[in-house]
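What follows is a single structure, written as structure tokens, with notes after it.
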Amino acid sequence: MATVSLRNIKKTYSNGFKAIHNLNLEIEDGEMIVLVGPSGCGKSTSLRMVAGLEATSEGDLYIGDKRVNDLEPSERDIAMVFQNYALYPHMSVARNMGYGLKNQGLPRDEIRRKVEKAARVLEIEHLLDNKPKQLSGGQRQRVAMGRAIVRNPKVFLFDEPLSNLDAKLRVQMRIEIKRLQQEFATTAIYVTHDQVEAMTLADRLVVMNGGKVEQVGPPLDLYEKPETQFVAGFLGSPGMNFMPARIQGQALLVQGDHRIDLPDMAELAQWDGRDITFGVRPEHLEACSEAEADFHLKVDIIEPLGADTLLYGHLPGSDSLMIAEQPGKRRYTRGDVVPLRVDRERLHLFDAETEQRLNE
Amino acid sequence: MHDNVVFNNKVLPYFLLAPQLVITLVFFIWPAGQALYQSFLIEDAFGFSREFVWLDNFIYLFSDDEYWNSIRVTFVFSGLVAFSGMAVALLLAAMADRVIKGATTYKTLLIWPYAVAPVVAAVIWWLMFNPSIGILAFLSWTLGHQWNHYVNANEAMAVVVIASAWKQISYNFIFFLAGMQAIPRSLIEAAAIDGSGPFKRFWQIVFPLLSPIAFFLLVVNVVYAFFETFGVIHATTLGGPGNATRTLVYKVYEDGFVGLDMGSSAAQSVILMILVITLTIIQFKFIERKVQY
């Protein structure tokens, strides 16, 4: 168990491509950090630098109190779970799990004992003599986890470990990973592009974009108060609705003529007349009476999900898409015009140019 | 298993198979039958008389020390060719797998020797080892060793092994390299994290994963050394000195076309045929169901 510190980490490839611009991150002991972002955002590169599979171009990397920049992966006391599991195909499950211990020079019966213990935790005891090829995807995933656990490392690294599984198994393994990480209370860094995985697993979430960190914080903080338009759009499913708007006195003019009265905000005066982007999540658009309505949504497509219903449509006189999430019990038909009210506590204002958050 | 395709036409299948069958019959079954028949005969050199002697040719062969010597030479030769050709190819492939800049050029250059005919390769090496004018022989002389494969049996063996293996390295290299590139990088990385150094990683992870390819290449290389190196030996040592490089195939030629002992030569061909068939069966047996790892 250990803290992990990334200080002013930069990564530039030999062809000049800057993968990581300036990464600073302090990970506490026992914390589960999830790096999330679209492909190419640098999240995997960051993880691989912590693992020692990629060299850092600049900056300092600490695991515990030790600077590990120049240490081999094996000397960093980490364990990694790969997307394709990376099980050694010619070794049995038991030998796969024990390979690291064997390289540490542990006696055979001790390896056996540790492997069996880990196998018990993961419920794969009956598979110990099988070869990876004989296992299902979920079982391979468990073996890969077992190989990490058995070493009792300071840090677990997960590189999109669930993306090769089918949807149902993914949910199950997600819970399993969370349970194991809490049980072992080991520091963990988890990379994913799936925002549901990110939200559910993270103690703290790191949203990355284009080699830079957009925001760091607990998942719900990021969901409620995204610092940038990118984070706002990336987290939450379906994604946040964005519309061009302008502040006029105490009100917001969305797309020119939809007027939304804003709650009292001290900064409003200084934003007067400024171009901004208005954002609201689909779940914060509430069906209401005509009199209260901020918007009238003309419904084009309906997605009934059971608990909720997603309404895809547009505002009359505009062609930009808008999504609203409504309780599932009410039925809608295509072409309905639904009056909607914006939850005043949960609206988001971003600078149109810098895309930074404006409101508290 | 997929369901077999069913042809309703009774004639078409035979018609489609005919070219292959005709070629096999004319160029394989018929000569093989001829050789088998001749191996039971003793003929005089000019074809004036022939006598049916049953297995006498074979009995004579196996009681002949010369023949046993030739068997021994063939096995030593094949073993050395297969081993050195594969070892060098494996080393080159392991290095090529790490090359980042100019990888294509490097690989292309390594593949070129395969386009060289065995005889030509043999002549090149023969020239380099030639005790009078060869650069390698000269080099060994400057180092105080008097290289002369015309008189030294081991040196003669070395020349034919090098010339034969050199060409085969390219072939082995392609297979090994393809095999290595098919190994997921994450496996190597996982092993690195598991505390396995580069050398250990190669022997404990990469090499076991290459073993099906290595086995396939072993069979191919042995077959090559057995049956396709006639030209190499004929162009360099002519089987000498003192029969030190006279392999089974070379002896077939010498006894048949130089010694004009058709019966014995045919009997030796039959033995070689049995060897080929055995090797092919081994290859099919193991490679069909793949070497499991």
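In the structure tokens, the first chain shown is A, the next is B, and so on; residue numbers restart at 1 for each chain, and ligands run from 1 in the order shown.
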Compile the residues of chain A that lie within 8 Å of chain B, evaluated using only C-alpha atoms, and express the compilation as a list in words.
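Filtering chain A at 8 Å from chain B with only C-alpha atoms gives Ala51, Leu53, Pro73, Ser74, Glu75, Ile78, Ala79, Met80, Phe82, Asn84, Ala86, Leu87, Tyr88, Pro89, His90, Met91, Tyr99, Gly100, Leu101, Asn103 and Gln104 of chain A.
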Selected residues written out with C-alpha atoms, as a compact mmCIF listing (two decimals), in the first residue's frame:
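Ended up saving to selection20.txt:
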```
# COMPACT_ATOMS: atom_id res chain seq x y z
CA ALA A 51 3.72 0.88 -14.70
CA LEU A 53 6.10 0.33 -19.66
CA PRO A 73 8.39 -2.30 -14.07
CA SER A 74 9.21 -5.29 -11.87
CA GLU A 75 10.96 -3.09 -9.30
CA ILE A 78 2.82 -2.83 -9.04
CA ALA A 79 0.45 -5.29 -10.68
CA MET A 80 -1.42 -4.66 -13.87
CA PHE A 82 -4.59 -5.76 -19.17
CA ASN A 84 -6.79 -8.57 -23.30
CA ALA A 86 -2.38 -11.06 -21.21
CA LEU A 87 -2.46 -14.54 -19.69
CA TYR A 88 0.45 -16.78 -20.66
CA PRO A 89 -1.26 -19.26 -22.97
CA HIS A 90 1.20 -22.09 -22.36
CA MET A 91 0.88 -22.03 -18.57
CA TYR A 99 4.72 -16.59 -12.25
CA GLY A 100 5.51 -13.30 -10.53
CA LEU A 101 6.08 -15.00 -7.18
CA ASN A 103 10.42 -14.79 -10.27
CA GLN A 104 10.72 -13.35 -6.78
```
Residues within 10 Å of B:Ser132, please, as number ranges by chain. Count only C-alpha atoms; anything in the same chain fewer than 4 positions from it doesn't count.
B: 127-128, 137-138, 147-148
Counting only C-alpha atoms, what is within 10 Å of stretch 279-283 of chain A, bar same-chain residues fewer than 4 positions away, as a PyMOL selection string?
chain A and resi 223-224+229+232-233+236-245+308+310-312+322-327+342-344+346-350
Selected residues written out with N, CA and C atoms, as a short mmCIF file (atom, residue, chain, number, x, y, z; two decimals), in the first residue's frame:
```cif
data_model
loop_
_atom_site.label_atom_id
_atom_site.label_comp_id
_atom_site.auth_asym_id
_atom_site.auth_seq_id
_atom_site.Cartn_x
_atom_site.Cartn_y
_atom_site.Cartn_z
N TYR A 223 -20.00 15.44 -11.71
CA TYR A 223 -21.29 15.36 -12.38
C TYR A 223 -22.11 16.63 -12.10
N GLU A 224 -22.06 17.08 -10.85
CA GLU A 224 -22.87 18.24 -10.47
C GLU A 224 -22.23 19.55 -10.88
N GLN A 229 -16.79 22.56 -20.20
CA GLN A 229 -17.87 22.05 -21.06
C GLN A 229 -17.55 20.61 -21.48
N ALA A 232 -18.57 18.33 -18.69
CA ALA A 232 -20.03 18.33 -18.63
C ALA A 232 -20.61 17.40 -19.70
N GLY A 233 -20.02 17.46 -20.89
CA GLY A 233 -20.55 16.65 -21.98
C GLY A 233 -20.13 15.20 -21.88
N GLY A 236 -22.23 11.57 -17.79
CA GLY A 236 -23.69 11.55 -17.87
C GLY A 236 -24.14 10.93 -19.17
N SER A 237 -25.16 10.12 -19.08
CA SER A 237 -25.69 9.47 -20.27
C SER A 237 -27.20 9.45 -20.19
N PRO A 238 -27.90 9.95 -21.17
CA PRO A 238 -27.36 10.66 -22.35
C PRO A 238 -26.72 11.97 -21.99
N GLY A 239 -25.93 12.50 -22.92
CA GLY A 239 -25.11 13.68 -22.63
C GLY A 239 -25.91 14.96 -22.41
N MET A 240 -25.22 15.91 -21.82
CA MET A 240 -25.85 17.19 -21.52
C MET A 240 -26.26 17.92 -22.80
N ASN A 241 -27.36 18.65 -22.71
CA ASN A 241 -27.78 19.51 -23.83
C ASN A 241 -27.02 20.83 -23.73
N PHE A 242 -26.46 21.24 -24.84
CA PHE A 242 -25.79 22.55 -24.87
C PHE A 242 -26.49 23.46 -25.87
N MET A 243 -26.65 24.73 -25.49
CA MET A 243 -27.26 25.69 -26.41
C MET A 243 -26.57 27.03 -26.29
N PRO A 244 -26.40 27.71 -27.41
CA PRO A 244 -25.83 29.05 -27.32
C PRO A 244 -26.81 29.99 -26.62
N ALA A 245 -26.30 30.88 -25.79
CA ALA A 245 -27.20 31.75 -25.05
C ALA A 245 -26.51 33.08 -24.77
N ASP A 308 -37.27 5.02 -17.17
CA ASP A 308 -37.32 6.36 -17.74
C ASP A 308 -37.67 6.28 -19.22
N LEU A 310 -36.67 8.40 -22.76
CA LEU A 310 -35.87 9.46 -23.36
C LEU A 310 -36.63 10.06 -24.53
N LEU A 311 -36.72 11.38 -24.52
CA LEU A 311 -37.39 12.08 -25.63
C LEU A 311 -36.33 12.84 -26.42
N TYR A 312 -36.21 12.50 -27.69
CA TYR A 312 -35.29 13.22 -28.57
C TYR A 312 -36.14 14.13 -29.44
N MET A 322 -32.31 18.16 -28.91
CA MET A 322 -32.44 18.30 -27.46
C MET A 322 -32.99 16.99 -26.92
N ILE A 323 -32.44 16.60 -25.77
CA ILE A 323 -32.88 15.33 -25.17
C ILE A 323 -33.46 15.63 -23.79
N ALA A 324 -34.56 15.00 -23.48
CA ALA A 324 -35.16 15.15 -22.15
C ALA A 324 -35.44 13.77 -21.59
N GLU A 325 -35.14 13.59 -20.32
CA GLU A 325 -35.40 12.29 -19.68
C GLU A 325 -36.60 12.45 -18.75
N GLN A 326 -37.62 11.64 -19.00
CA GLN A 326 -38.85 11.77 -18.22
C GLN A 326 -39.15 10.44 -17.52
N PRO A 327 -39.92 10.49 -16.41
CA PRO A 327 -40.30 9.24 -15.75
C PRO A 327 -41.03 8.32 -16.73
N VAL A 342 -36.63 23.99 -16.84
CA VAL A 342 -35.26 23.74 -16.45
C VAL A 342 -35.15 23.83 -14.93
N ASP A 343 -34.53 22.84 -14.33
CA ASP A 343 -34.26 22.85 -12.89
C ASP A 343 -33.25 23.98 -12.61
N ARG A 344 -33.70 25.02 -11.95
CA ARG A 344 -32.86 26.22 -11.77
C ARG A 344 -31.60 25.94 -10.94
N ARG A 346 -29.80 23.34 -11.17
CA ARG A 346 -28.87 22.46 -11.87
C ARG A 346 -28.64 22.85 -13.31
N LEU A 347 -28.55 24.13 -13.51
CA LEU A 347 -28.17 24.52 -14.87
C LEU A 347 -26.71 24.94 -14.88
N HIS A 348 -26.14 24.84 -16.07
CA HIS A 348 -24.69 25.06 -16.20
C HIS A 348 -24.44 26.16 -17.22
N LEU A 349 -23.57 27.09 -16.84
CA LEU A 349 -23.21 28.16 -17.77
C LEU A 349 -21.72 28.10 -18.05
N PHE A 350 -21.38 28.09 -19.32
CA PHE A 350 -19.97 28.02 -19.71
C PHE A 350 -19.62 29.19 -20.59
#
```
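Within stretch 4-59 of chain A, DSSP run on the backbone puts these residues in strand (DSSP E or B): Val4, Ser5, Leu6, Arg7, Asn8, Ile9, Lys10, Lys11, Thr12, Lys18, Ala19, Ile20, His21, Asn22, Leu23, Asn24, Leu25, Glu26, Ile27, Met32, Ile33, Val34, Leu35, Val36, Glu58 and Gly59 of chain A.
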Could you pull the residues within 12 Å of stretch 28-30 of chain A, counting only C-alpha atoms, minus those fewer than 6 positions along the same chain, as a list of chain:residue names?
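So, after excluding close chain neighbours, the residues are A:Met1, A:Ala2, A:Thr3, A:Val4, A:Ser5, A:Leu6, A:Tyr62, A:Ile63, A:Gly64, A:Asp65, A:Pro153, A:Lys154, A:Val155, A:Phe156, A:Leu180, A:Gln181, A:Gln182, A:Glu183, A:Phe184, A:Ala185, A:Thr186, A:Thr187, A:Ala188, A:Ile189, A:Ala202, A:Asp203, A:Arg204.
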Going by DSSP on the backbone, which residues of stretch 103-157 of chain A come out as alpha helix (DSSP H)? List them as a ChimeraX atom specification.
/A:103,108-122,137-150
What would the file look like if the residues just selected were written as a PDB file, in the first residue's frame with C-alpha atoms?
```pdb
ATOM      1  CA  ASN A 103      10.421 -14.789 -10.269  1.00  0.00           C
ATOM      2  CA  ARG A 108       7.095 -23.581  -4.258  1.00  0.00           C
ATOM      3  CA  ASP A 109       4.727 -24.470  -1.416  1.00  0.00           C
ATOM      4  CA  GLU A 110       4.397 -20.841  -0.423  1.00  0.00           C
ATOM      5  CA  ILE A 111       3.536 -19.896  -3.996  1.00  0.00           C
ATOM      6  CA  ARG A 112       0.987 -22.674  -4.068  1.00  0.00           C
ATOM      7  CA  ARG A 113      -0.565 -21.444  -0.817  1.00  0.00           C
ATOM      8  CA  LYS A 114      -0.807 -17.837  -1.973  1.00  0.00           C
ATOM      9  CA  VAL A 115      -2.207 -18.830  -5.353  1.00  0.00           C
ATOM     10  CA  GLU A 116      -4.837 -21.003  -3.721  1.00  0.00           C
ATOM     11  CA  LYS A 117      -5.816 -18.246  -1.348  1.00  0.00           C
ATOM     12  CA  ALA A 118      -6.236 -15.747  -4.179  1.00  0.00           C
ATOM     13  CA  ALA A 119      -8.123 -18.337  -6.207  1.00  0.00           C
ATOM     14  CA  ARG A 120     -10.516 -18.837  -3.305  1.00  0.00           C
ATOM     15  CA  VAL A 121     -11.233 -15.109  -3.104  1.00  0.00           C
ATOM     16  CA  LEU A 122     -11.968 -15.035  -6.819  1.00  0.00           C
ATOM     17  CA  GLY A 137     -13.916 -14.434 -20.977  1.00  0.00           C
ATOM     18  CA  GLY A 138     -15.151 -13.796 -17.460  1.00  0.00           C
ATOM     19  CA  GLN A 139     -12.980 -16.568 -16.036  1.00  0.00           C
ATOM     20  CA  ARG A 140      -9.912 -15.236 -17.824  1.00  0.00           C
ATOM     21  CA  GLN A 141     -10.683 -11.858 -16.364  1.00  0.00           C
ATOM     22  CA  ARG A 142     -10.728 -13.393 -12.906  1.00  0.00           C
ATOM     23  CA  VAL A 143      -7.424 -15.141 -13.482  1.00  0.00           C
ATOM     24  CA  ALA A 144      -5.896 -11.850 -14.622  1.00  0.00           C
ATOM     25  CA  MET A 145      -7.190 -10.261 -11.423  1.00  0.00           C
ATOM     26  CA  GLY A 146      -5.853 -13.184  -9.440  1.00  0.00           C
ATOM     27  CA  ARG A 147      -2.418 -12.742 -10.952  1.00  0.00           C
ATOM     28  CA  ALA A 148      -2.487  -9.143  -9.739  1.00  0.00           C
ATOM     29  CA  ILE A 149      -3.825  -9.889  -6.257  1.00  0.00           C
ATOM     30  CA  VAL A 150      -1.489 -12.757  -5.490  1.00  0.00           C
TER      31      VAL A 150
END
```
Contact residues around A:Leu205 with only C-alpha atoms at 8 Å, ignoring same-chain residues under 4 positions, as a list of chain:residue names:
A:Ile33, A:Val34, A:Leu35, A:Val36, A:Ala198, A:Met199, A:Gln215, A:Val216, A:Gly217, A:Pro218, A:Pro219, A:Leu222
Would you pick out the contacts of stretch 253-263 of chain B at 6 Å or less, using only C-alpha atoms, so that residues sharing its chain but fewer than 4 positions from it are not included, and give the list as a PyMOL selection string?
chain B and resi 38-39+41-42+45
In terms of the shortest atom-to-atom distance over only C-alpha atoms, which of A:Tyr190, A:Ala167, A:Leu358, A:Asn152 is closest to A:Pro226?
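Of A:Tyr190, A:Ala167, A:Leu358, A:Asn152, the one nearest A:Pro226 is A:Leu358, counting only C-alpha atoms.
For the set B:Val222, B:Ile23, B:Ala18, B:Val252, the residue with the smallest atom-to-atom gap to B:Tyr67 is B:Val252, counting only C-alpha atoms.
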